[in-house]
Amino acid sequence: MCNFAAMIAENPYVKQFPDLMAGKTLLYCHGFGSSGQSGTVTRLRTVMPQANVIAPDLPVEPHEAIALLHSICEQEKPDLIIGTSMGGMYAEQLRGFDRICVNPALEIAETMKAHGMTGTQQFQNPRQDGVQEFYVDKALVKAYRDVSEQRFVGLTPEDEQRVIGLFGDKDDLVDTFDMFCEHYSQATHFHGEHRMDDKSYMHSVMPVIRWIDDKQNGRQRPIIYIGIETMVDNRLMPAASVQKAVRQLIEHYQVYFVADNPLEQRWAQWLEEYINVPAWRHTVYTYRRDLLYGDYLISQRKEGDTMATLLEYGSDTFKTWDDVIDYFSHLGGQ
């Protein structure tokens with residue numbers, strides 16, 4: 001069994017989406033001391049087998065690294081660039097492309113000094129040249145500082161809309177969220193640490209890739225609105241199978257979460273805690289659900305006439321979220 005097949009067979013989080021980014025080029029910029037053979041690259045190629053994932057081993061010298069990335073961008077014209085940590089710092093500077101910056105180390109020189117990333121360092125993943133270690137001295141730290149200080153240079157309003165920042169809420173290595181938000185409007189936290197695992201990648205990065213792919217393709221998915229009262233039990237914990245349902249529905253539908261009062265912060269906090277990235281910019285506050293224009297509305301309330309097909313949660317047909325899952329599984333994304 002190949003590594004990709006083994007990853008899918010052994011991991012409950014990893015799935016393949018052959019149509020996602022199909023025929024497109026994705027450039028991945030790895031983190032400090034890593035390589036193009038990292039676990040994230042394996043995830044990208046596993047989950048999106050029809051995408052052309054370019055993942056070079058970046059030179060340790062940062063001026064050389066950013067020059068290489070500019071050259072690759074000029075030649076390959078990637079449809080999407082994803083950078084993690086140090087790679088997120090580089091990706092932010094690659095103007096003119098759609099980019100996802102995951103835990104970007106925008107002040108990498110300070111991060112290196114604060115966390116003992118100087119002196120002799122071991123590469124975390126194999127590199128094509130076979131080199132296993134490198135040395136970080138004061139001159140190299142200065143070079144990283146010089147390159148990182150080019151962040152936000154030349155940023156235009158158009159380019160600002162092409163960058164999304166994802167920041168782990170348990171990242172104890174890098175915290176540049178506030179700095180990022182001074183220049184970019186699209187940023188959110190995900191449940192995870194500095195290094196992403198399969199769960200945080202699938203639950204956080206994949207929805208964003210799907211949104212970008214849809215936008216690039218002009219794809220309009222059917223819309224599902226979910227009343228938040230259907231998602232909680234009497235202890236305000238997630239109802240049985242609701243998180244599973246959301247994970248499955250966002251693969252085929254544009255899903256929005258509906259609450260009544262925007263001043264009632266508990267719902268925003270609940271969605272951030274239990275749904276997280278899929279609810280980011282996908283929450284609607286309205287007292288008039290009957291005016292929501294879409295394909296389906298899942299609600300526990302008696303809505304009267306609606307502009308979307310009403311699925312009355314708690315009824316004989318939709319007693320549980322497993323019933324909802326079963327219903328949509330038969331629709332095939334329609």
# chains A, B, ... in the order shown; residues from 1 in each chain; ligands from 1
$ residues_around --residues "range 291-306 of chain A" --least-positions-apart "6" --cutoff "10 Å" --atoms "only C-alpha atoms" --output "PyMOL selection string"
chain A and resi 221-231+253-258+284+312-315+318+324+334
$ residues_around --residues "range 106-111 of chain A" --least-positions-apart "2" --cutoff "6 Å" --atoms "only C-alpha atoms" --output "count of residues only"
7
$ select_by_dssp --residues "range 34-278 of chain A" --states "strand (DSSP E)" --output "JSON, numbers by chain"
{"A": [52, 53, 54, 80, 81, 82, 83, 84, 99, 100, 101, 102, 119, 120, 121, 122, 133, 134, 135, 136, 163, 164, 165, 166, 167, 168, 187, 188, 189, 190, 223, 224, 225, 226, 227, 254, 255, 256, 257, 258, 259]}
$ write_last_selection --atoms "C-alpha atoms" --output "mmCIF file, in the first residue's frame"
data_model
loop_
_atom_site.group_PDB
_atom_site.id
_atom_site.type_symbol
_atom_site.label_atom_id
_atom_site.label_comp_id
_atom_site.auth_asym_id
_atom_site.auth_seq_id
_atom_site.Cartn_x
_atom_site.Cartn_y
_atom_site.Cartn_z
ATOM 1 C CA ASN A 52 0.140 20.102 -8.917
ATOM 2 C CA VAL A 53 1.831 20.723 -5.568
ATOM 3 C CA ILE A 54 5.243 22.400 -5.845
ATOM 4 C CA LEU A 80 -2.576 29.290 -4.619
ATOM 5 C CA ILE A 81 0.364 29.722 -2.256
ATOM 6 C CA ILE A 82 0.318 28.242 1.236
ATOM 7 C CA GLY A 83 3.055 29.097 3.713
ATOM 8 C CA THR A 84 3.504 27.908 7.282
ATOM 9 C CA ARG A 99 -2.259 33.048 -0.368
ATOM 10 C CA ILE A 100 -2.924 31.334 2.936
ATOM 11 C CA CYS A 101 -0.464 32.225 5.699
ATOM 12 C CA VAL A 102 -0.584 29.703 8.540
ATOM 13 C CA GLY A 119 23.886 27.610 16.509
ATOM 14 C CA THR A 120 23.886 24.148 14.932
ATOM 15 C CA GLN A 121 20.406 23.099 13.834
ATOM 16 C CA GLN A 122 19.085 19.783 12.481
ATOM 17 C CA GLU A 133 22.221 20.154 9.601
ATOM 18 C CA PHE A 134 22.976 23.849 9.247
ATOM 19 C CA TYR A 135 24.446 26.625 11.369
ATOM 20 C CA VAL A 136 22.726 29.856 12.380
ATOM 21 C CA VAL A 163 -4.403 36.877 1.647
ATOM 22 C CA ILE A 164 -5.930 34.890 4.508
ATOM 23 C CA GLY A 165 -4.200 34.369 7.844
ATOM 24 C CA LEU A 166 -4.815 31.314 10.027
ATOM 25 C CA PHE A 167 -3.467 31.384 13.578
ATOM 26 C CA GLY A 168 -3.387 28.469 16.012
ATOM 27 C CA ALA A 187 -7.636 36.476 9.659
ATOM 28 C CA THR A 188 -8.970 34.019 12.205
ATOM 29 C CA HIS A 189 -7.858 31.540 14.837
ATOM 30 C CA PHE A 190 -8.077 27.793 14.470
ATOM 31 C CA ILE A 223 -26.712 27.110 0.240
ATOM 32 C CA ILE A 224 -27.713 25.589 3.568
ATOM 33 C CA TYR A 225 -28.702 27.762 6.529
ATOM 34 C CA ILE A 226 -28.539 26.098 9.945
ATOM 35 C CA GLY A 227 -30.390 27.578 12.905
ATOM 36 C CA GLN A 254 -22.093 26.618 1.204
ATOM 37 C CA VAL A 255 -23.108 26.444 4.861
ATOM 38 C CA TYR A 256 -24.185 29.411 6.978
ATOM 39 C CA PHE A 257 -25.099 29.454 10.653
ATOM 40 C CA VAL A 258 -28.061 31.540 11.752
ATOM 41 C CA ALA A 259 -28.710 33.214 15.111
#
$ residues_around --residues "His63 in chain A" --least-positions-apart "6" --cutoff "12 Å" --atoms "only C-alpha atoms" --output "PyMOL selection string"
chain A and resi 69-70+90+140-150
$ write_last_selection --atoms "all heavy atoms" --output "compact mmCIF listing (two decimals), in the first residue's frame"
# COMPACT_ATOMS: atom_id res chain seq x y z
N LEU A 69 11.65 31.76 -4.53
CA LEU A 69 10.19 31.74 -4.55
C LEU A 69 9.64 32.72 -5.59
O LEU A 69 8.68 32.40 -6.30
CB LEU A 69 9.64 32.07 -3.17
CG LEU A 69 9.85 30.98 -2.12
CD1 LEU A 69 9.49 31.50 -0.72
CD2 LEU A 69 9.01 29.74 -2.44
N HIS A 70 10.25 33.88 -5.71
CA HIS A 70 9.82 34.83 -6.76
C HIS A 70 10.03 34.22 -8.14
O HIS A 70 9.19 34.38 -9.03
CB HIS A 70 10.59 36.15 -6.62
CG HIS A 70 10.04 37.07 -5.58
ND1 HIS A 70 8.76 37.59 -5.64
CD2 HIS A 70 10.60 37.58 -4.45
CE1 HIS A 70 8.56 38.37 -4.59
NE2 HIS A 70 9.65 38.39 -3.86
N TYR A 90 7.33 34.29 4.14
CA TYR A 90 7.68 34.42 2.72
C TYR A 90 6.42 34.59 1.86
O TYR A 90 6.37 35.44 0.96
CB TYR A 90 8.44 33.18 2.25
CG TYR A 90 9.85 33.05 2.77
CD1 TYR A 90 10.35 31.81 3.16
CD2 TYR A 90 10.71 34.15 2.84
CE1 TYR A 90 11.66 31.67 3.62
CE2 TYR A 90 12.00 34.02 3.30
CZ TYR A 90 12.48 32.78 3.69
OH TYR A 90 13.77 32.65 4.15
N LEU A 140 23.34 35.43 9.90
CA LEU A 140 22.16 34.82 9.31
C LEU A 140 20.89 35.35 9.98
O LEU A 140 19.88 35.59 9.31
CB LEU A 140 22.23 33.30 9.42
CG LEU A 140 21.14 32.52 8.68
CD1 LEU A 140 21.16 32.83 7.18
CD2 LEU A 140 21.32 31.01 8.91
N VAL A 141 20.94 35.53 11.29
CA VAL A 141 19.79 36.11 12.00
C VAL A 141 19.48 37.49 11.45
O VAL A 141 18.32 37.84 11.23
CB VAL A 141 20.05 36.16 13.51
CG1 VAL A 141 18.93 36.93 14.22
CG2 VAL A 141 20.18 34.76 14.10
N LYS A 142 20.53 38.29 11.21
CA LYS A 142 20.33 39.63 10.64
C LYS A 142 19.70 39.54 9.26
O LYS A 142 18.83 40.34 8.90
CB LYS A 142 21.65 40.38 10.56
CG LYS A 142 21.52 41.80 10.01
CD LYS A 142 22.84 42.52 9.94
CE LYS A 142 22.66 43.96 9.46
NZ LYS A 142 21.97 44.04 8.13
N ALA A 143 20.14 38.56 8.47
CA ALA A 143 19.56 38.39 7.14
C ALA A 143 18.07 38.08 7.22
O ALA A 143 17.27 38.60 6.44
CB ALA A 143 20.31 37.29 6.38
N TYR A 144 17.70 37.23 8.18
CA TYR A 144 16.28 36.94 8.38
C TYR A 144 15.51 38.19 8.79
O TYR A 144 14.38 38.42 8.35
CB TYR A 144 16.09 35.83 9.42
CG TYR A 144 16.22 34.44 8.85
CD1 TYR A 144 17.34 33.66 9.10
CD2 TYR A 144 15.21 33.91 8.06
CE1 TYR A 144 17.45 32.38 8.57
CE2 TYR A 144 15.31 32.63 7.53
CZ TYR A 144 16.44 31.87 7.78
OH TYR A 144 16.54 30.61 7.26
N ARG A 145 16.14 38.99 9.65
CA ARG A 145 15.47 40.23 10.06
C ARG A 145 15.28 41.15 8.87
O ARG A 145 14.20 41.73 8.69
CB ARG A 145 16.27 40.93 11.16
CG ARG A 145 15.63 42.26 11.61
CD ARG A 145 16.37 42.91 12.75
NE ARG A 145 16.21 42.15 13.98
CZ ARG A 145 17.18 41.41 14.53
NH1 ARG A 145 18.38 41.34 13.95
NH2 ARG A 145 16.96 40.75 15.66
N ASP A 146 16.30 41.27 8.04
CA ASP A 146 16.21 42.15 6.87
C ASP A 146 15.09 41.71 5.93
O ASP A 146 14.32 42.54 5.43
CB ASP A 146 17.54 42.17 6.12
CG ASP A 146 18.65 42.86 6.90
OD1 ASP A 146 18.33 43.60 7.86
OD2 ASP A 146 19.83 42.65 6.57
N VAL A 147 15.01 40.40 5.69
CA VAL A 147 13.97 39.91 4.77
C VAL A 147 12.59 40.04 5.39
O VAL A 147 11.63 40.46 4.72
CB VAL A 147 14.26 38.44 4.38
CG1 VAL A 147 13.07 37.85 3.62
CG2 VAL A 147 15.52 38.36 3.53
N SER A 148 12.47 39.73 6.68
CA SER A 148 11.15 39.81 7.31
C SER A 148 10.64 41.24 7.37
O SER A 148 9.42 41.47 7.36
CB SER A 148 11.19 39.21 8.72
OG SER A 148 11.99 40.00 9.59
N GLU A 149 11.53 42.20 7.42
CA GLU A 149 11.11 43.60 7.48
C GLU A 149 10.56 44.09 6.14
O GLU A 149 10.09 45.23 6.05
CB GLU A 149 12.27 44.47 7.96
CG GLU A 149 12.55 44.30 9.46
CD GLU A 149 13.71 45.12 9.96
OE1 GLU A 149 14.43 45.71 9.12
OE2 GLU A 149 13.90 45.17 11.19
N GLN A 150 10.58 43.25 5.12
CA GLN A 150 9.94 43.58 3.85
C GLN A 150 8.45 43.21 3.88
O GLN A 150 7.76 43.39 2.87
CB GLN A 150 10.65 42.85 2.70
CG GLN A 150 12.08 43.29 2.48
CD GLN A 150 12.19 44.79 2.25
OE1 GLN A 150 11.57 45.33 1.33
NE2 GLN A 150 12.99 45.45 3.07
$ closest_residue --among "A:His330, A:Tyr13, A:Met307, A:Phe123" --to "Lys199 in chain A" --atoms "only C-alpha atoms"
A:Tyr13
$ closest_residue --among "A:Asp316, A:Ser200, A:Asp326, A:Trp321" --to "Val277 in chain A" --atoms "only C-alpha atoms"
A:Ser200
$ select_by_dssp --residues "range 45-281 of chain A" --states "alpha helix (DSSP H)" --output "mmCIF file with N, CA and C atoms, in the first residue's frame"
data_model
loop_
_atom_site.group_PDB
_atom_site.id
_atom_site.type_symbol
_atom_site.label_atom_id
_atom_site.label_comp_id
_atom_site.auth_asym_id
_atom_site.auth_seq_id
_atom_site.Cartn_x
_atom_site.Cartn_y
_atom_site.Cartn_z
ATOM 1 N N ARG A 45 -0.843 16.723 -1.007
ATOM 2 C CA ARG A 45 -0.870 15.826 -2.167
ATOM 3 C C ARG A 45 -1.846 14.675 -1.972
ATOM 4 N N THR A 46 -2.046 14.270 -0.732
ATOM 5 C CA THR A 46 -2.986 13.186 -0.454
ATOM 6 C C THR A 46 -4.419 13.649 -0.645
ATOM 7 N N VAL A 47 -4.742 14.788 -0.083
ATOM 8 C CA VAL A 47 -6.114 15.267 -0.077
ATOM 9 C C VAL A 47 -6.535 15.800 -1.449
ATOM 10 N N PRO A 62 17.936 33.498 3.745
ATOM 11 C CA PRO A 62 16.606 33.994 3.405
ATOM 12 C C PRO A 62 16.527 34.808 2.120
ATOM 13 N N HIS A 63 17.586 35.584 1.789
ATOM 14 C CA HIS A 63 17.555 36.325 0.526
ATOM 15 C C HIS A 63 17.504 35.360 -0.660
ATOM 16 N N GLU A 64 18.243 34.271 -0.547
ATOM 17 C CA GLU A 64 18.213 33.256 -1.595
ATOM 18 C C GLU A 64 16.846 32.580 -1.650
ATOM 19 N N ALA A 65 16.260 32.355 -0.491
ATOM 20 C CA ALA A 65 14.957 31.674 -0.433
ATOM 21 C C ALA A 65 13.870 32.508 -1.093
ATOM 22 N N ILE A 66 13.792 33.787 -0.745
ATOM 23 C CA ILE A 66 12.733 34.617 -1.315
ATOM 24 C C ILE A 66 12.955 34.833 -2.801
ATOM 25 N N ALA A 67 14.229 34.893 -3.225
ATOM 26 C CA ALA A 67 14.529 35.021 -4.654
ATOM 27 C C ALA A 67 14.068 33.772 -5.405
ATOM 28 N N LEU A 68 14.310 32.606 -4.824
ATOM 29 C CA LEU A 68 13.857 31.359 -5.448
ATOM 30 C C LEU A 68 12.340 31.339 -5.568
ATOM 31 N N LEU A 69 11.649 31.755 -4.529
ATOM 32 C CA LEU A 69 10.191 31.739 -4.552
ATOM 33 C C LEU A 69 9.645 32.716 -5.593
ATOM 34 N N HIS A 70 10.250 33.882 -5.712
ATOM 35 C CA HIS A 70 9.821 34.830 -6.756
ATOM 36 C C HIS A 70 10.028 34.223 -8.139
ATOM 37 N N SER A 71 11.138 33.524 -8.314
ATOM 38 C CA SER A 71 11.420 32.897 -9.603
ATOM 39 C C SER A 71 10.396 31.813 -9.926
ATOM 40 N N ILE A 72 10.067 30.994 -8.925
ATOM 41 C CA ILE A 72 9.066 29.940 -9.129
ATOM 42 C C ILE A 72 7.711 30.559 -9.473
ATOM 43 N N CYS A 73 7.347 31.623 -8.771
ATOM 44 C CA CYS A 73 6.067 32.275 -9.041
ATOM 45 C C CYS A 73 6.019 32.834 -10.464
ATOM 46 N N GLU A 74 7.126 33.394 -10.902
ATOM 47 C CA GLU A 74 7.178 33.947 -12.259
ATOM 48 C C GLU A 74 7.026 32.850 -13.308
ATOM 49 N N GLN A 75 7.630 31.700 -13.046
ATOM 50 C CA GLN A 75 7.598 30.612 -14.020
ATOM 51 C C GLN A 75 6.296 29.813 -13.952
ATOM 52 N N GLU A 76 5.838 29.515 -12.746
ATOM 53 C CA GLU A 76 4.719 28.584 -12.573
ATOM 54 C C GLU A 76 3.357 29.262 -12.445
ATOM 55 N N MET A 86 7.793 30.225 9.015
ATOM 56 C CA MET A 86 8.699 31.002 8.180
ATOM 57 C C MET A 86 8.167 31.099 6.755
ATOM 58 N N GLY A 87 7.611 30.000 6.250
ATOM 59 C CA GLY A 87 7.025 30.001 4.914
ATOM 60 C C GLY A 87 5.848 30.938 4.800
ATOM 61 N N GLY A 88 5.122 31.149 5.908
ATOM 62 C CA GLY A 88 4.048 32.123 5.911
ATOM 63 C C GLY A 88 4.570 33.541 5.786
ATOM 64 N N MET A 89 5.742 33.793 6.389
ATOM 65 C CA MET A 89 6.388 35.097 6.239
ATOM 66 C C MET A 89 6.772 35.338 4.784
ATOM 67 N N TYR A 90 7.334 34.294 4.135
ATOM 68 C CA TYR A 90 7.680 34.421 2.721
ATOM 69 C C TYR A 90 6.424 34.591 1.863
ATOM 70 N N ALA A 91 5.410 33.763 2.109
ATOM 71 C CA ALA A 91 4.196 33.786 1.291
ATOM 72 C C ALA A 91 3.527 35.156 1.326
ATOM 73 N N GLU A 92 3.551 35.806 2.480
ATOM 74 C CA GLU A 92 2.928 37.129 2.590
ATOM 75 C C GLU A 92 3.545 38.107 1.606
ATOM 76 N N ILE A 108 10.601 36.695 12.375
ATOM 77 C CA ILE A 108 11.308 35.434 12.546
ATOM 78 C C ILE A 108 12.640 35.586 13.266
ATOM 79 N N ALA A 109 13.341 36.702 13.082
ATOM 80 C CA ALA A 109 14.623 36.876 13.768
ATOM 81 C C ALA A 109 14.418 36.886 15.280
ATOM 82 N N GLU A 110 13.379 37.571 15.734
ATOM 83 C CA GLU A 110 13.092 37.613 17.163
ATOM 84 C C GLU A 110 12.641 36.230 17.662
ATOM 85 N N THR A 111 11.883 35.524 16.840
ATOM 86 C CA THR A 111 11.457 34.173 17.203
ATOM 87 C C THR A 111 12.661 33.254 17.346
ATOM 88 N N MET A 112 13.616 33.360 16.437
ATOM 89 C CA MET A 112 14.814 32.525 16.482
ATOM 90 C C MET A 112 15.602 32.777 17.762
ATOM 91 N N LYS A 113 15.753 34.023 18.120
ATOM 92 C CA LYS A 113 16.514 34.352 19.317
ATOM 93 C C LYS A 113 15.790 33.926 20.582
ATOM 94 N N ALA A 114 14.461 34.101 20.596
ATOM 95 C CA ALA A 114 13.684 33.797 21.803
ATOM 96 C C ALA A 114 13.584 32.301 22.078
ATOM 97 N N LYS A 138 25.030 35.093 13.883
ATOM 98 C CA LYS A 138 24.438 36.423 13.974
ATOM 99 C C LYS A 138 24.159 37.021 12.605
ATOM 100 N N ALA A 139 25.047 36.745 11.648
ATOM 101 C CA ALA A 139 24.858 37.284 10.300
ATOM 102 C C ALA A 139 23.594 36.719 9.657
ATOM 103 N N LEU A 140 23.343 35.432 9.895
ATOM 104 C CA LEU A 140 22.156 34.817 9.306
ATOM 105 C C LEU A 140 20.890 35.348 9.985
ATOM 106 N N VAL A 141 20.941 35.530 11.292
ATOM 107 C CA VAL A 141 19.792 36.106 11.996
ATOM 108 C C VAL A 141 19.481 37.493 11.453
ATOM 109 N N LYS A 142 20.527 38.290 11.207
ATOM 110 C CA LYS A 142 20.331 39.628 10.642
ATOM 111 C C LYS A 142 19.699 39.537 9.257
ATOM 112 N N ALA A 143 20.136 38.560 8.472
ATOM 113 C CA ALA A 143 19.563 38.393 7.137
ATOM 114 C C ALA A 143 18.069 38.078 7.224
ATOM 115 N N TYR A 144 17.698 37.230 8.182
ATOM 116 C CA TYR A 144 16.277 36.937 8.376
ATOM 117 C C TYR A 144 15.515 38.188 8.793
ATOM 118 N N ARG A 145 16.139 38.993 9.651
ATOM 119 C CA ARG A 145 15.468 40.226 10.063
ATOM 120 C C ARG A 145 15.278 41.152 8.867
ATOM 121 N N ASP A 146 16.300 41.272 8.039
ATOM 122 C CA ASP A 146 16.210 42.151 6.872
ATOM 123 C C ASP A 146 15.090 41.714 5.926
ATOM 124 N N VAL A 147 15.005 40.405 5.690
ATOM 125 C CA VAL A 147 13.974 39.908 4.773
ATOM 126 C C VAL A 147 12.595 40.041 5.394
ATOM 127 N N SER A 148 12.466 39.732 6.678
ATOM 128 C CA SER A 148 11.148 39.805 7.312
ATOM 129 C C SER A 148 10.636 41.241 7.373
ATOM 130 N N PRO A 157 -4.653 47.522 -1.996
ATOM 131 C CA PRO A 157 -5.987 47.089 -1.560
ATOM 132 C C PRO A 157 -6.432 45.802 -2.247
ATOM 133 N N GLU A 158 -6.110 45.640 -3.504
ATOM 134 C CA GLU A 158 -6.485 44.421 -4.222
ATOM 135 C C GLU A 158 -5.762 43.209 -3.641
ATOM 136 N N ASP A 159 -4.461 43.371 -3.381
ATOM 137 C CA ASP A 159 -3.686 42.259 -2.862
ATOM 138 C C ASP A 159 -4.103 41.912 -1.435
ATOM 139 N N GLU A 160 -4.537 42.921 -0.686
ATOM 140 C CA GLU A 160 -4.956 42.682 0.699
ATOM 141 C C GLU A 160 -6.101 41.686 0.759
ATOM 142 N N PHE A 177 -0.654 37.620 15.212
ATOM 143 C CA PHE A 177 -2.038 37.860 14.793
ATOM 144 C C PHE A 177 -2.344 39.358 14.728
ATOM 145 N N ASP A 178 -2.027 40.094 15.792
ATOM 146 C CA ASP A 178 -2.352 41.517 15.824
ATOM 147 C C ASP A 178 -1.593 42.278 14.737
ATOM 148 N N MET A 179 -0.326 41.953 14.531
ATOM 149 C CA MET A 179 0.452 42.599 13.477
ATOM 150 C C MET A 179 -0.170 42.329 12.107
ATOM 151 N N PHE A 180 -0.547 41.082 11.879
ATOM 152 C CA PHE A 180 -1.166 40.711 10.601
ATOM 153 C C PHE A 180 -2.456 41.494 10.379
ATOM 154 N N CYS A 181 -3.261 41.607 11.434
ATOM 155 C CA CYS A 181 -4.558 42.262 11.318
ATOM 156 C C CYS A 181 -4.457 43.770 11.114
ATOM 157 N N ASP A 198 -3.056 16.424 11.327
ATOM 158 C CA ASP A 198 -4.079 16.112 10.329
ATOM 159 C C ASP A 198 -5.426 16.732 10.685
ATOM 160 N N LYS A 199 -5.781 16.675 11.966
ATOM 161 C CA LYS A 199 -7.080 17.194 12.385
ATOM 162 C C LYS A 199 -7.188 18.695 12.160
ATOM 163 N N SER A 200 -6.205 19.448 12.634
ATOM 164 C CA SER A 200 -6.280 20.900 12.482
ATOM 165 C C SER A 200 -6.182 21.305 11.012
ATOM 166 N N MET A 206 -8.451 23.191 4.996
ATOM 167 C CA MET A 206 -9.235 22.678 3.877
ATOM 168 C C MET A 206 -10.475 23.517 3.572
ATOM 169 N N PRO A 207 -11.255 23.975 4.564
ATOM 170 C CA PRO A 207 -12.396 24.828 4.209
ATOM 171 C C PRO A 207 -11.969 26.096 3.480
ATOM 172 N N VAL A 208 -10.825 26.674 3.870
ATOM 173 C CA VAL A 208 -10.358 27.902 3.226
ATOM 174 C C VAL A 208 -9.922 27.612 1.790
ATOM 175 N N ILE A 209 -9.203 26.507 1.581
ATOM 176 C CA ILE A 209 -8.836 26.123 0.218
ATOM 177 C C ILE A 209 -10.083 25.953 -0.640
ATOM 178 N N ARG A 210 -11.110 25.337 -0.067
ATOM 179 C CA ARG A 210 -12.349 25.108 -0.823
ATOM 180 C C ARG A 210 -12.994 26.436 -1.199
ATOM 181 N N TRP A 211 -13.025 27.401 -0.275
ATOM 182 C CA TRP A 211 -13.595 28.708 -0.587
ATOM 183 C C TRP A 211 -12.817 29.385 -1.711
ATOM 184 N N ILE A 212 -11.504 29.319 -1.650
ATOM 185 C CA ILE A 212 -10.672 29.956 -2.679
ATOM 186 C C ILE A 212 -10.875 29.278 -4.027
ATOM 187 N N ASP A 213 -10.908 27.951 -4.029
ATOM 188 C CA ASP A 213 -11.122 27.206 -5.268
ATOM 189 C C ASP A 213 -12.473 27.547 -5.880
ATOM 190 N N ASP A 214 -13.507 27.635 -5.048
ATOM 191 C CA ASP A 214 -14.839 27.998 -5.528
ATOM 192 C C ASP A 214 -14.826 29.388 -6.154
ATOM 193 N N LYS A 215 -14.181 30.325 -5.482
ATOM 194 C CA LYS A 215 -14.133 31.700 -5.991
ATOM 195 C C LYS A 215 -13.390 31.762 -7.316
ATOM 196 N N GLN A 216 -12.262 31.073 -7.421
ATOM 197 C CA GLN A 216 -11.499 31.077 -8.657
ATOM 198 C C GLN A 216 -12.285 30.473 -9.818
ATOM 199 N N ASN A 217 -13.079 29.439 -9.511
ATOM 200 C CA ASN A 217 -13.840 28.750 -10.551
ATOM 201 C C ASN A 217 -15.207 29.368 -10.807
ATOM 202 N N VAL A 242 -23.710 16.644 15.306
ATOM 203 C CA VAL A 242 -23.794 17.907 14.575
ATOM 204 C C VAL A 242 -22.439 18.305 13.987
ATOM 205 N N GLN A 243 -21.356 18.079 14.713
ATOM 206 C CA GLN A 243 -20.048 18.428 14.173
ATOM 207 C C GLN A 243 -19.693 17.546 12.981
ATOM 208 N N LYS A 244 -20.048 16.284 13.057
ATOM 209 C CA LYS A 244 -19.865 15.383 11.922
ATOM 210 C C LYS A 244 -20.669 15.873 10.724
ATOM 211 N N ALA A 245 -21.895 16.303 10.977
ATOM 212 C CA ALA A 245 -22.747 16.798 9.892
ATOM 213 C C ALA A 245 -22.139 18.018 9.220
ATOM 214 N N VAL A 246 -21.650 18.953 10.012
ATOM 215 C CA VAL A 246 -21.048 20.163 9.445
ATOM 216 C C VAL A 246 -19.847 19.797 8.574
ATOM 217 N N ARG A 247 -18.993 18.904 9.072
ATOM 218 C CA ARG A 247 -17.812 18.505 8.296
ATOM 219 C C ARG A 247 -18.210 17.915 6.944
ATOM 220 N N GLN A 248 -19.283 17.148 6.928
ATOM 221 C CA GLN A 248 -19.713 16.535 5.676
ATOM 222 C C GLN A 248 -20.425 17.529 4.763
ATOM 223 N N LEU A 249 -21.243 18.380 5.341
ATOM 224 C CA LEU A 249 -22.020 19.319 4.524
ATOM 225 C C LEU A 249 -21.144 20.337 3.815
ATOM 226 N N GLN A 265 -23.415 37.534 22.417
ATOM 227 C CA GLN A 265 -22.088 37.051 22.090
ATOM 228 C C GLN A 265 -21.891 35.554 22.334
ATOM 229 N N ARG A 266 -22.755 34.960 23.128
ATOM 230 C CA ARG A 266 -22.533 33.549 23.444
ATOM 231 C C ARG A 266 -22.574 32.691 22.191
ATOM 232 N N TRP A 267 -23.399 33.064 21.196
ATOM 233 C CA TRP A 267 -23.476 32.243 19.994
ATOM 234 C C TRP A 267 -22.216 32.366 19.157
ATOM 235 N N ALA A 268 -21.678 33.567 19.053
ATOM 236 C CA ALA A 268 -20.418 33.739 18.323
ATOM 237 C C ALA A 268 -19.309 32.946 19.005
ATOM 238 N N GLN A 269 -19.284 32.996 20.324
ATOM 239 C CA GLN A 269 -18.272 32.246 21.074
ATOM 240 C C GLN A 269 -18.489 30.744 20.938
ATOM 241 N N TRP A 270 -19.755 30.315 20.939
ATOM 242 C CA TRP A 270 -20.055 28.896 20.795
ATOM 243 C C TRP A 270 -19.600 28.390 19.436
ATOM 244 N N LEU A 271 -19.892 29.136 18.394
ATOM 245 C CA LEU A 271 -19.496 28.730 17.051
ATOM 246 C C LEU A 271 -17.979 28.693 16.911
ATOM 247 N N GLU A 272 -17.297 29.663 17.492
ATOM 248 C CA GLU A 272 -15.838 29.669 17.422
ATOM 249 C C GLU A 272 -15.262 28.457 18.141
ATOM 250 N N GLU A 273 -15.868 28.083 19.245
ATOM 251 C CA GLU A 273 -15.346 26.967 20.026
ATOM 252 C C GLU A 273 -15.630 25.623 19.362
ATOM 253 N N TYR A 274 -16.840 25.418 18.880
ATOM 254 C CA TYR A 274 -17.248 24.074 18.469
ATOM 255 C C TYR A 274 -17.310 23.863 16.952
#
$ closest_residue --among "A:Ile325, A:Val205, A:Val174, A:Leu311" --to "Asn276 in chain A" --atoms "only C-alpha atoms"
A:Val205
$ residues_around --residues "Gly39 in chain A" --least-positions-apart "3" --cutoff "12 Å" --atoms "only C-alpha atoms" --output "ChimeraX atom specification"
/A:3-4,7,28,30-31,34-36,42-46,55,84,124-126,195-198,201
